[in-house]
>>> print(open('run_5.txt').read())   # compact mmCIF, C-alpha atoms
# COMPACT_ATOMS: atom_id res chain seq x y z
CA MET J 1 -25.87 -39.17 12.33
CA ALA J 2 -22.48 -37.75 11.36
CA ARG J 3 -22.44 -33.98 10.90
CA MET J 4 -21.47 -32.81 7.42
CA PRO J 5 -18.69 -30.20 7.29
CA ASP J 6 -19.80 -26.64 6.50
CA GLU J 7 -18.52 -25.82 3.00
CA SER J 8 -20.20 -22.40 2.75
CA ASN J 9 -17.16 -20.63 4.15
CA VAL J 10 -14.63 -22.51 1.98
CA THR J 11 -13.42 -21.39 -1.46
CA LYS J 12 -11.07 -23.16 -3.85
CA GLN J 13 -8.77 -21.55 -6.41
CA GLU J 14 -7.21 -23.70 -9.12
CA LEU J 15 -3.51 -23.18 -9.84
CA GLY J 16 -3.25 -25.72 -12.66
CA ILE J 17 -1.38 -28.95 -13.35
CA TYR J 18 2.39 -29.06 -12.87
CA ASN J 19 4.57 -32.19 -13.07
CA GLY J 20 1.47 -34.37 -13.20
CA VAL J 21 -0.04 -32.84 -10.05
CA SER J 22 -3.17 -30.67 -9.87
CA PHE J 23 -2.82 -27.84 -7.34
CA THR J 24 -5.62 -25.95 -5.57
CA ILE J 25 -5.60 -23.23 -2.90
CA VAL J 26 -8.22 -23.87 -0.22
CA THR J 27 -9.30 -20.75 1.68
CA LYS J 28 -11.49 -21.00 4.77
CA LEU J 29 -13.18 -18.02 6.41
CA LEU J 30 -12.62 -18.07 10.18
CA ALA J 31 -14.04 -16.00 13.01
CA GLU J 32 -13.80 -12.20 12.83
CA GLY J 33 -12.88 -12.16 9.16
CA ALA J 34 -9.60 -14.08 9.46
CA LYS J 35 -8.75 -16.67 6.79
CA SER J 36 -6.81 -19.92 6.77
CA TYR J 37 -4.96 -21.16 3.69
CA GLN J 38 -3.90 -24.62 2.54
CA LEU J 39 -2.39 -25.94 -0.66
CA GLY J 40 -4.25 -28.97 -1.98
CA SER J 41 -2.59 -31.33 -4.45
CA LYS J 42 -3.73 -34.40 -6.37
CA LEU J 43 -1.62 -36.78 -8.45
CA LEU J 44 -3.29 -37.30 -11.83
CA ASP J 45 -3.37 -40.29 -14.17
CA ASP J 46 -1.58 -40.24 -17.52
CA GLU J 47 -4.63 -39.16 -19.55
CA LYS J 48 -4.79 -35.83 -17.77
CA LEU J 49 -1.11 -34.91 -18.05
CA LEU J 50 -1.64 -33.09 -21.35
CA ALA J 51 -2.58 -30.06 -19.28
CA ASN J 52 0.92 -29.90 -17.75
CA LYS J 53 2.20 -26.34 -17.34
CA LYS J 54 5.59 -24.78 -16.83
CA PHE J 55 5.88 -21.94 -14.36
CA GLU J 56 7.83 -18.98 -15.79
CA TYR J 57 9.15 -15.87 -14.04
CA SER J 58 11.97 -13.34 -14.35
CA GLY J 59 15.18 -13.38 -12.30
CA GLU J 60 15.54 -14.36 -8.66
CA LEU J 61 12.23 -14.99 -6.88
CA LEU J 62 11.85 -13.33 -3.47
CA ILE J 63 8.89 -13.69 -1.11
CA VAL J 64 8.79 -11.00 1.57
CA ASP J 65 6.35 -11.80 4.38
CA SER J 66 5.89 -8.87 6.76
CA VAL J 67 4.66 -11.05 9.60
CA PHE J 68 3.55 -8.17 11.85
CA SER J 69 1.41 -6.49 9.18
CA GLY J 70 -2.38 -6.61 9.30
CA SER J 71 -3.62 -9.05 11.92
CA GLY J 72 -0.29 -10.90 11.93
CA ARG J 73 0.35 -14.54 11.01
CA ASP J 74 -0.50 -17.71 12.85
CA LYS J 75 0.05 -21.25 11.59
CA ASP J 76 -3.25 -21.56 9.70
CA CYS J 77 -3.18 -18.02 8.23
CA ASP J 78 0.41 -18.21 6.95
CA PHE J 79 -0.14 -17.87 3.19
CA ALA J 80 3.58 -17.60 2.44
CA THR J 81 4.46 -20.90 4.13
CA ASN J 82 1.26 -22.89 3.59
CA VAL J 83 0.76 -22.01 -0.07
CA ILE J 84 3.55 -20.15 -1.86
CA ALA J 85 6.58 -21.94 -0.41
CA GLN J 86 4.92 -25.37 -0.62
CA PHE J 87 3.94 -24.82 -4.24
CA PHE J 88 7.42 -23.69 -5.32
CA GLU J 89 9.02 -26.63 -3.53
CA GLN J 90 6.71 -29.15 -5.19
CA VAL J 91 7.18 -27.72 -8.70
CA ILE J 92 10.94 -27.37 -8.03
CA VAL J 93 11.19 -23.59 -8.45
CA PRO J 94 14.06 -21.88 -6.58
CA TYR J 95 12.92 -19.07 -4.29
CA ARG J 96 13.92 -17.20 -1.16
CA LEU J 97 11.42 -16.61 1.66
CA ILE J 98 12.15 -13.63 3.91
CA LYS J 99 10.02 -13.39 7.03
CA THR J 100 10.57 -10.08 8.78
CA THR J 101 12.03 -10.31 12.28
CA SER J 102 12.26 -6.57 13.02
CA LYS J 103 11.37 -3.15 11.61
CA SER J 104 14.72 -3.10 9.83
CA SER J 105 14.31 -6.42 7.98
CA VAL J 106 12.94 -4.93 4.74
CA ILE J 107 15.49 -2.12 4.80
CA GLU J 108 18.32 -4.63 5.17
CA LEU J 109 16.95 -6.72 2.30
CA ALA J 110 16.68 -3.73 -0.04
CA SER J 111 20.18 -2.57 0.84
CA SER J 112 21.56 -6.03 -0.02
CA ILE J 113 19.97 -6.22 -3.49
CA ASP J 114 22.49 -6.74 -6.29
CA SER J 115 21.93 -3.94 -8.81
CA THR J 116 23.20 -6.17 -11.64
CA ARG J 117 20.62 -8.94 -11.11
CA GLN J 118 16.95 -9.29 -12.00
CA TYR J 119 14.33 -9.93 -9.29
CA THR J 120 10.63 -10.68 -8.94
CA VAL J 121 9.49 -9.73 -5.44
CA LEU J 122 6.20 -10.90 -3.90
CA PHE J 123 5.22 -8.67 -0.97
CA LEU J 124 2.84 -10.15 1.60
CA SER J 125 2.54 -6.96 3.58
CA GLY J 126 0.98 -3.56 3.90
CA ASP J 127 2.02 -0.46 2.02
CA THR J 128 4.73 0.63 4.45
CA SER J 129 6.96 -2.41 3.83
CA ILE J 130 6.93 -1.74 0.08
CA SER J 131 7.77 1.90 0.77
CA GLU J 132 10.72 0.88 2.95
CA PHE J 133 11.94 -1.44 0.21
CA VAL J 134 11.69 1.20 -2.52
CA ASN J 135 13.44 3.84 -0.41
CA ASN J 136 16.46 1.65 0.33
CA LEU J 137 17.18 0.14 -3.09
CA PRO J 138 20.28 1.00 -5.11
CA LEU J 139 19.41 4.06 -7.22
CA ASN J 140 20.59 2.52 -10.47
CA HIS J 141 18.48 -0.64 -10.23
CA ASP J 142 16.10 -1.21 -13.15
CA CYS J 143 15.41 -4.98 -13.04
CA ILE J 144 12.88 -5.44 -10.23
CA SER J 145 9.21 -6.40 -10.60
CA VAL J 146 6.97 -6.04 -7.53
CA LEU J 147 3.72 -7.91 -6.82
CA PRO J 148 1.77 -6.76 -3.72
CA PHE J 149 -0.52 -9.09 -1.77
CA PRO J 150 -3.02 -7.26 0.52
CA MET J 151 -1.79 -8.44 3.92
CA GLY J 152 -1.68 -5.11 5.74
CA THR J 153 -4.34 -2.85 7.25
CA GLY J 154 -5.26 -0.39 4.50
CA ASN J 155 -3.64 -2.03 1.46
CA ALA J 156 -4.02 1.09 -0.67
CA TRP J 157 -1.55 0.00 -3.37
CA ALA J 158 -2.92 -3.52 -3.86
CA SER J 159 -6.53 -2.32 -3.74
CA SER J 160 -5.93 0.33 -6.38
CA LEU J 161 -4.32 -2.33 -8.61
CA LYS J 162 -7.38 -4.59 -8.13
CA LEU J 163 -5.31 -7.17 -6.25
CA MET J 164 -7.79 -8.18 -3.57
CA ASP J 165 -7.59 -11.91 -2.80
CA PRO J 166 -4.24 -13.64 -2.10
CA ALA J 167 -5.39 -16.94 -3.63
CA VAL J 168 -6.60 -15.27 -6.84
CA ILE J 169 -3.46 -13.13 -7.08
CA PHE J 170 -1.15 -16.13 -6.74
CA SER J 171 -3.16 -18.09 -9.31
CA GLN J 172 -2.92 -15.18 -11.75
CA PHE J 173 0.81 -14.94 -11.09
CA VAL J 174 1.68 -18.60 -11.68
CA ASN J 175 -0.57 -18.71 -14.78
CA GLY J 176 0.96 -15.58 -16.34
CA LYS J 177 -2.30 -13.62 -16.25
CA LEU J 178 -0.98 -10.44 -14.61
CA SER J 179 0.00 -7.33 -16.55
CA CYS J 180 3.28 -5.47 -16.07
CA ASN J 181 3.69 -1.68 -16.07
CA ASP J 182 6.17 0.93 -14.92
CA PHE J 183 5.97 1.62 -11.18
CA PRO J 184 5.23 5.38 -10.74
CA LEU J 185 7.39 7.00 -8.09
CA TYR J 186 7.63 10.52 -6.65
CA ARG J 187 10.43 12.13 -4.68
CA ALA J 188 9.78 14.40 -1.68
CA THR J 189 12.78 16.50 -0.63
CA PHE J 190 12.56 18.24 2.74
CA ASP J 191 14.26 21.42 3.98
CA ASN J 192 17.25 19.63 5.48
CA GLY J 193 17.86 17.59 2.31
CA TYR J 194 16.19 14.40 3.53
CA VAL J 195 14.52 12.53 0.66
CA LEU J 196 11.60 10.08 0.65
CA LYS J 197 10.12 8.36 -2.38
CA PHE J 198 6.39 7.63 -2.40
CA PHE J 199 3.77 6.09 -4.66
CA ILE J 200 0.48 6.35 -2.72
CA ILE J 201 0.02 9.47 -0.60
CA LEU J 202 1.78 12.36 1.13
CA SER J 203 -0.54 14.09 3.56
CA LEU J 204 -0.88 16.89 6.10
CA GLY J 205 -3.84 17.65 8.34
CA PHE J 206 -6.48 15.07 9.26
CA HIS J 207 -5.01 12.02 7.49
CA ALA J 208 -1.48 12.61 8.79
CA ASN J 209 -2.76 13.46 12.29
CA LEU J 210 -4.74 10.22 12.35
CA LEU J 211 -1.79 8.02 11.41
CA HIS J 212 0.46 9.78 13.95
CA LEU J 213 -2.08 9.46 16.75
CA CYS J 214 -2.65 5.76 16.03
CA GLU J 215 1.03 5.11 16.82
CA GLU J 216 0.35 5.80 20.50
CA ASP J 217 0.27 2.68 22.69
CA GLU J 218 -3.38 3.01 23.69
CA TYR J 219 -4.45 2.75 20.03
CA GLN J 220 -1.99 0.05 18.96
CA LYS J 221 -3.92 -2.48 21.04
CA MET J 222 -7.23 -1.81 19.21
CA GLY J 223 -6.52 -3.29 15.79
CA ILE J 224 -8.34 -1.63 12.89
CA GLU J 225 -10.82 -0.12 15.35
CA ARG J 226 -8.07 2.30 16.37
CA PHE J 227 -8.70 4.45 13.29
CA ARG J 228 -12.34 5.08 14.23
CA VAL J 229 -11.55 5.85 17.88
CA ALA J 230 -8.56 8.08 17.07
CA SER J 231 -10.48 9.99 14.37
CA GLN J 232 -13.17 10.85 16.91
CA ARG J 233 -10.54 12.30 19.22
CA ILE J 234 -9.01 14.35 16.39
CA LEU J 235 -12.38 15.77 15.37
CA ARG J 236 -13.06 16.64 19.00
CA GLU J 237 -9.67 18.06 20.08
CA TYR J 238 -7.65 19.18 17.00
CA LYS J 239 -8.12 22.54 15.29
CA LEU J 240 -7.53 21.05 11.82
CA GLU J 241 -6.41 24.36 10.35
CA SER J 242 -3.25 23.81 8.30
CA ARG J 243 -2.12 26.78 6.22
CA VAL J 244 -0.69 25.25 3.07
CA SER J 245 0.40 26.65 -0.28
CA ILE J 246 1.36 25.20 -3.66
CA PRO J 247 2.58 28.38 -5.37
CA ASP J 248 0.45 29.37 -8.38
CA ILE J 249 -1.96 26.50 -7.69
CA LEU J 250 -3.58 26.86 -4.24
CA GLU J 251 -3.22 28.55 -0.86
CA GLY J 252 -5.47 28.40 2.14
CA SER J 253 -6.34 26.83 5.46
CA PHE J 254 -7.21 23.15 5.17
CA SER J 255 -8.50 20.42 7.48
CA TYR J 256 -7.31 17.75 5.06
CA PHE J 257 -4.51 18.05 2.51
CA ALA J 258 -3.15 15.15 0.47
CA LEU J 259 -1.10 14.48 -2.65
CA ILE J 260 -2.51 11.20 -3.97
CA ASN J 261 -1.32 8.78 -6.67
CA THR J 262 -3.85 5.97 -6.12
CA THR J 263 -7.61 5.82 -6.37
CA ASN J 264 -8.00 3.89 -3.12
CA LEU J 265 -6.62 4.14 0.39
CA GLU J 266 -8.57 1.04 1.49
CA PRO J 267 -10.37 -1.69 -0.50
CA THR J 268 -13.71 0.14 -0.26
CA TYR J 269 -12.45 3.72 0.22
CA MET J 270 -11.80 5.75 -2.96
CA PRO J 271 -11.02 9.39 -2.09
CA SER J 272 -9.33 10.20 -5.44
CA PRO J 273 -11.59 8.87 -8.24
CA ASP J 274 -9.59 10.49 -11.06
CA SER J 275 -6.26 8.97 -10.02
CA ASP J 276 -4.59 6.17 -11.98
CA PRO J 277 -2.03 4.20 -9.94
CA LEU J 278 -0.09 3.34 -13.13
CA GLU J 279 0.23 6.93 -14.38
CA SER J 280 2.81 9.46 -13.17
CA GLN J 281 0.13 11.98 -12.22
CA LEU J 282 -0.42 13.20 -8.68
CA HIS J 283 -3.69 14.82 -7.63
CA VAL J 284 -4.13 17.22 -4.73
CA LEU J 285 -7.22 16.71 -2.56
CA ALA J 286 -7.86 19.36 0.09
CA TYR J 287 -10.85 20.27 2.24
CA GLN J 288 -10.98 23.85 3.51
CA SER J 289 -11.04 24.33 7.27
CA SER J 290 -14.03 26.69 6.89
CA LEU J 291 -16.22 23.58 6.55
CA ASP J 292 -18.00 22.73 9.80
CA ARG J 293 -17.14 19.36 11.34
CA VAL J 294 -20.33 17.66 10.16
CA GLU J 295 -19.78 18.73 6.55
CA PHE J 296 -16.07 17.88 6.75
CA GLN J 297 -16.86 14.34 7.91
CA LYS J 298 -19.39 14.02 5.11
CA ARG J 299 -16.73 14.96 2.53
CA VAL J 300 -14.20 12.54 3.99
CA PHE J 301 -16.72 9.67 4.01
CA MET J 302 -17.69 10.32 0.38
CA GLY J 303 -14.74 8.10 -0.43
CA TYR J 304 -16.84 5.06 0.56
CA SER J 305 -19.47 5.85 -2.10
CA ASN J 306 -17.25 7.24 -4.88
CA THR J 307 -16.79 5.31 -8.10
CA LYS J 308 -14.19 5.82 -10.82
CA HIS J 309 -14.33 9.44 -12.08
CA SER J 310 -17.02 10.55 -9.61
CA ASN J 311 -17.32 14.33 -9.54
CA ILE J 312 -16.26 15.36 -6.03
CA LEU J 313 -15.78 19.08 -6.70
CA GLN J 314 -17.90 21.46 -4.61
CA ASN J 315 -17.41 24.58 -2.52
CA GLY J 316 -14.74 23.92 0.08
CA THR J 317 -13.13 21.03 -1.84
CA PHE J 318 -10.00 21.52 -3.94
CA TYR J 319 -9.21 18.63 -6.29
CA ARG J 320 -7.06 18.72 -9.41
CA PRO J 321 -4.06 17.11 -11.16
CA LEU J 322 -0.63 18.54 -10.47
CA PRO J 323 2.47 19.25 -12.58
CA PHE J 324 5.48 16.94 -12.49
CA CYS J 325 7.44 19.29 -10.22
CA PHE J 326 6.20 21.72 -7.54
CA ASN J 327 6.65 22.90 -3.94
CA VAL J 328 4.37 22.45 -0.94
CA GLU J 329 4.78 25.16 1.71
CA VAL J 330 3.46 24.91 5.27
CA LEU J 331 2.87 28.45 6.57
CA ASP J 332 1.80 27.69 10.14
CA ASP J 333 3.19 28.85 13.46
CA PRO J 334 5.73 26.22 14.64
CA SER J 335 4.02 26.16 18.04
CA GLN J 336 1.23 24.17 16.36
CA LYS J 337 3.26 20.98 16.15
CA SER J 338 0.42 18.79 14.84
CA ASN J 339 0.10 21.05 11.77
CA PHE J 340 3.57 19.91 10.70
CA GLU J 341 2.83 16.18 10.93
CA VAL J 342 3.32 14.34 7.63
CA CYS J 343 2.37 10.86 6.48
CA CYS J 344 4.26 9.60 3.44
CA ASP J 345 3.10 6.08 2.46
CA GLY J 346 2.81 5.10 6.10
CA GLN J 347 6.11 6.66 7.12
CA LEU J 348 5.51 9.31 9.78
CA LEU J 349 7.50 12.54 9.98
CA ASN J 350 7.29 16.02 11.46
CA LEU J 351 8.52 18.93 9.35
CA LEU J 352 9.82 20.72 12.45
CA GLU J 353 12.40 17.93 12.79
CA LEU J 354 13.45 18.33 9.13
CA GLU J 355 14.13 22.07 9.12
CA GLY J 356 16.89 23.59 7.03
CA LYS J 357 18.62 26.95 7.29
CA ASN J 358 16.01 28.94 5.40
CA THR J 359 12.79 28.18 7.27
CA PRO J 360 10.00 29.24 7.67
CA PRO J 361 8.05 28.33 5.66
CA SER J 362 8.59 24.58 5.81
CA THR J 363 8.88 23.44 2.20
CA ILE J 364 8.59 20.04 0.52
CA ARG J 365 9.88 19.75 -3.05
CA ILE J 366 7.85 17.20 -5.03
CA GLU J 367 9.15 15.69 -8.28
CA THR J 368 8.45 12.69 -10.48
CA CYS J 369 11.15 10.13 -9.71
CA THR J 370 12.81 7.87 -12.30
CA GLU J 371 15.36 6.06 -10.09
CA PRO J 372 15.16 3.26 -9.24
CA SER J 373 13.17 2.19 -12.31
CA LEU J 374 10.78 -0.55 -11.18
CA LYS J 375 7.90 -2.59 -12.61
CA VAL J 376 4.63 -3.51 -10.92
CA LEU J 377 2.48 -6.57 -11.64
CA HIS J 378 -1.29 -5.99 -11.50
CA SER J 379 -4.71 -7.11 -12.74
CA LEU J 380 -6.12 -3.79 -13.99
>>> encode(input="run_5.txt", output="structure tokens")
Amino acid sequence: MARMPDESNVTKQELGIYNGVSFTIVTKLLAEGAKSYQLGSKLLDDEKLLANKKFEYSGELLIVDSVFSGSGRDKDCDFATNVIAQFFEQVIVPYRLIKTTSKSSVIELASSIDSTRQYTVLFLSGDTSISEFVNNLPLNHDCISVLPFPMGTGNAWASSLKLMDPAVIFSQFVNGKLSCNDFPLYRATFDNGYVLKFFIILSLGFHANLLHLCEEDEYQKMGIERFRVASQRILREYKLESRVSIPDILEGSFSYFALINTTNLEPTYMPSPDSDPLESQLHVLAYQSSLDRVEFQKRVFMGYSNTKHSNILQNGTFYRPLPFCFNVEVLDDPSQKSNFEVCCDGQLLNLLELEGKNTPPSTIRIETCTEPSLKVLHSL
């Protein structure tokens, strides 16, 4: 007897009828959580053509596929090629597909953007690629709409915007069911004048230490498991005592210190339940270093059980909204190099390498940023 194919791990997402053809995205769950994607199409008879649609978008359409993000791309898992590009070709929509070939690919693309033209940019990537794009755009650009697809490791930005499934996101996009809002940006200016824009998180302490440590070769080979292994080493070997001040707001020694714009840092991890990714309102979340390691871990892992507007305030936790402009001062001894490690939307820095003439203390100036003026598509 012939064996019937297993359909339990297959989902189908309708895109609609275009030019007399019905399109469907077929997603199949593979081993270890990977997914394959195919675009299905069916030519319809005349009676069904009344449902014909016209795909509408603004400006030049760019698809940026950061092929090294997340678990990478193989032939079956290539959503950009198997679904997006095929669909646009069949419905005769002009587009440009950019597959990254190096760490500078996104930077080069952003630098080449024409500030007089309008663009819609689909990012199949993690958060860092979007950060690189934003930080290298012409300052005076105000005609770019960004749509993130969660193809990285943490996917904080897409998760906070409730953009979880590539097939659903693309269906919402082509059917005009996504909303459009201003893209909140913040500017961090360091002692030597170096500037970085961010829209998710700027951290010191545990979070920054973790991202820095995971860059070492021994952890790069572990995939997402590297975060668990590296965090155990940090909890075992690092002091986690960063002396940080925001004048007139807080000062103390903290194991974890973060300025956060988004609710989520991962799809199921919500450390900042009062944040709104579409509002220009940073929150500071800091855990005092006086907490013992067991209690500190408990506070960090609360993010996996938090829901929107959960009350996370308790002794040893500092959490509140911040003004539109303020300074962050790091008051530590420069010999403690790990205390000066910073993570800014996946970009890794050390304040000791960004010193100006008037240090210490190392100071970061934080301001709401209005240039470039971008839009973000979302399903909130």
>>> closest_residue(input="run_5.txt", among="J:Gly152, J:Ala31, J:Pro360, J:Tyr256", to="J:Ile224", atoms="all atoms listed in the file")
J:Gly152
>>> atom_distance(input="run_5.txt", atom1="atom CA of J:Leu137", atom2="atom CA of J:Gly193")
18.3 Å
>>> closest_residue(input="run_5.txt", among="J:Lys298, J:Lys177, J:Lys239, J:His207", to="J:Ser379", atoms="all atoms listed in the file")
J:Lys177
>>> closest_atom_pairs(input="run_5.txt", of="stretch 106-218 of chain J", to="stretch 32-42 of chain J", cutoff="12 Å", atoms="only C-alpha atoms", output="tab-separated table")
residue	atom	partner	partner_atom	distance
J:Met151	CA	J:Ala34	CA	11.1
J:Asp165	CA	J:Lys35	CA	10.8
J:Pro166	CA	J:Tyr37	CA	9.5
J:Ala167	CA	J:Tyr37	CA	8.5
J:Phe170	CA	J:Leu39	CA	11.6
J:Ser171	CA	J:Leu39	CA	11.7
>>> write_last_selection(input="run_5.txt", atoms="C-alpha atoms", output="short mmCIF file (atom, residue, chain, number, x, y, z; two decimals), in the frame of the given file")
data_model
loop_
_atom_site.label_atom_id
_atom_site.label_comp_id
_atom_site.auth_asym_id
_atom_site.auth_seq_id
_atom_site.Cartn_x
_atom_site.Cartn_y
_atom_site.Cartn_z
CA MET J 151 -1.79 -8.44 3.92
CA ASP J 165 -7.59 -11.91 -2.80
CA PRO J 166 -4.24 -13.64 -2.10
CA ALA J 167 -5.39 -16.94 -3.63
CA PHE J 170 -1.15 -16.13 -6.74
CA SER J 171 -3.16 -18.09 -9.31
#
>>> closest_residue(input="run_5.txt", among="J:Ser255, J:Thr100, J:Asn311, J:Ser275", to="J:Phe296", atoms="all atoms listed in the file")
J:Ser255
>>> residues_around(input="run_5.txt", residues="J:Arg226", least_positions_apart="4", cutoff="12 Å", atoms="only C-alpha atoms", output="VMD selection string")
chain J and resid 153 210 to 222 230 to 233
>>> atom_distance(input="run_5.txt", atom1="atom CA of J:Ala110", atom2="atom CA of J:Asp345")
16.9 Å
